[in-house]
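Chemist: The following block contains the structure, expressed as structure tokens.
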Amino acid sequence: MKKLILIATAPALALAACGQDSAVEETGDALEERADAVENIGDDRAGQLEEMADEADTDAREDALNERAEEIDDIGDERADAINEVADEME
């Protein structure tokens with residue numbers, strides 16, 4: 001019976017040992033979530049531009065839209081990376 005109780009309470013004991021995150025760690029976690037959101041926004045906008053490029057009337061317009069989509073995607077990735085660097089320093 002004691003073994004059963006120990007097995008049942010082991011996950012709770014493990015969580016208690018970890019403790020709560022400090023305010024700095026929580027801020028770092030929030031920054032990581034923000035970085036993901038920034039990257040997703042860039043990906044979504046780039047995807048929209050790529051769809052517009054697929055429907056473009058001319059090759060030049062298609063190329064311009066694809067180029068802008070790539071720039072938007074890169075900007076989102078760079079901003080997300082910068083935010084993640086700050087978050088990593090906080091953890």
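In the structure tokens, chains take the letters A, B, ... in the order shown, each chain's residues start at 1, and ligands count up from 1 in the order shown.
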Would you kindly return, as a PDB file with N, CA and C atoms, in the first residue's frame, each protein, DNA or RNA residue with an atom no farther than 12 Å from any atom of Glu51 in chain A, considering only C-alpha atoms and excluding same-chain residues fewer than 5 positions away?
Modeler:
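Listed below is the output, selection.pdb:
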ATOM      1  N   ASP A  44       2.374  34.318 -41.737  1.00  0.00           N
ATOM      2  CA  ASP A  44       1.036  34.500 -42.305  1.00  0.00           C
ATOM      3  C   ASP A  44       1.022  35.562 -43.395  1.00  0.00           C
ATOM      4  N   ARG A  45       1.674  36.683 -43.115  1.00  0.00           N
ATOM      5  CA  ARG A  45       1.715  37.774 -44.105  1.00  0.00           C
ATOM      6  C   ARG A  45       2.479  37.338 -45.350  1.00  0.00           C
ATOM      7  N   ALA A  46       3.577  36.641 -45.163  1.00  0.00           N
ATOM      8  CA  ALA A  46       4.342  36.139 -46.308  1.00  0.00           C
ATOM      9  C   ALA A  46       3.498  35.163 -47.115  1.00  0.00           C
ATOM     10  N   ALA A  56      -0.927  36.695 -59.703  1.00  0.00           N
ATOM     11  CA  ALA A  56      -0.475  37.924 -60.362  1.00  0.00           C
ATOM     12  C   ALA A  56      -0.655  37.841 -61.871  1.00  0.00           C
ATOM     13  N   GLU A  62       4.526  38.976 -60.075  1.00  0.00           N
ATOM     14  CA  GLU A  62       4.699  37.749 -59.307  1.00  0.00           C
ATOM     15  C   GLU A  62       6.058  37.742 -58.615  1.00  0.00           C
ATOM     16  N   LEU A  65       6.109  40.294 -55.721  1.00  0.00           N
ATOM     17  CA  LEU A  65       5.364  39.832 -54.555  1.00  0.00           C
ATOM     18  C   LEU A  65       6.105  38.706 -53.827  1.00  0.00           C
ATOM     19  N   ASN A  66       6.695  37.802 -54.577  1.00  0.00           N
ATOM     20  CA  ASN A  66       7.471  36.729 -53.946  1.00  0.00           C
ATOM     21  C   ASN A  66       8.685  37.274 -53.211  1.00  0.00           C
ATOM     22  N   ALA A  69       7.465  38.823 -50.066  1.00  0.00           N
ATOM     23  CA  ALA A  69       7.078  37.762 -49.124  1.00  0.00           C
ATOM     24  C   ALA A  69       8.308  37.223 -48.405  1.00  0.00           C
TER      25      ALA A  69
END
Chemist: Which residues, written as an NGL selection string, have at least one atom at most 9 Å from Glu32 in chain A, with only C-alpha atoms counted and residues fewer than 4 positions away on the same chain left out?
Modeler: :A and (27-28 or 36-37 or 80 or 83-84 or 86-88)
Chemist: One number please: CA of Gly42 in chain A to CA of Ile75 in chain A, in Å, one decimal.
Modeler: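 A separation of 7.3 Å between them.
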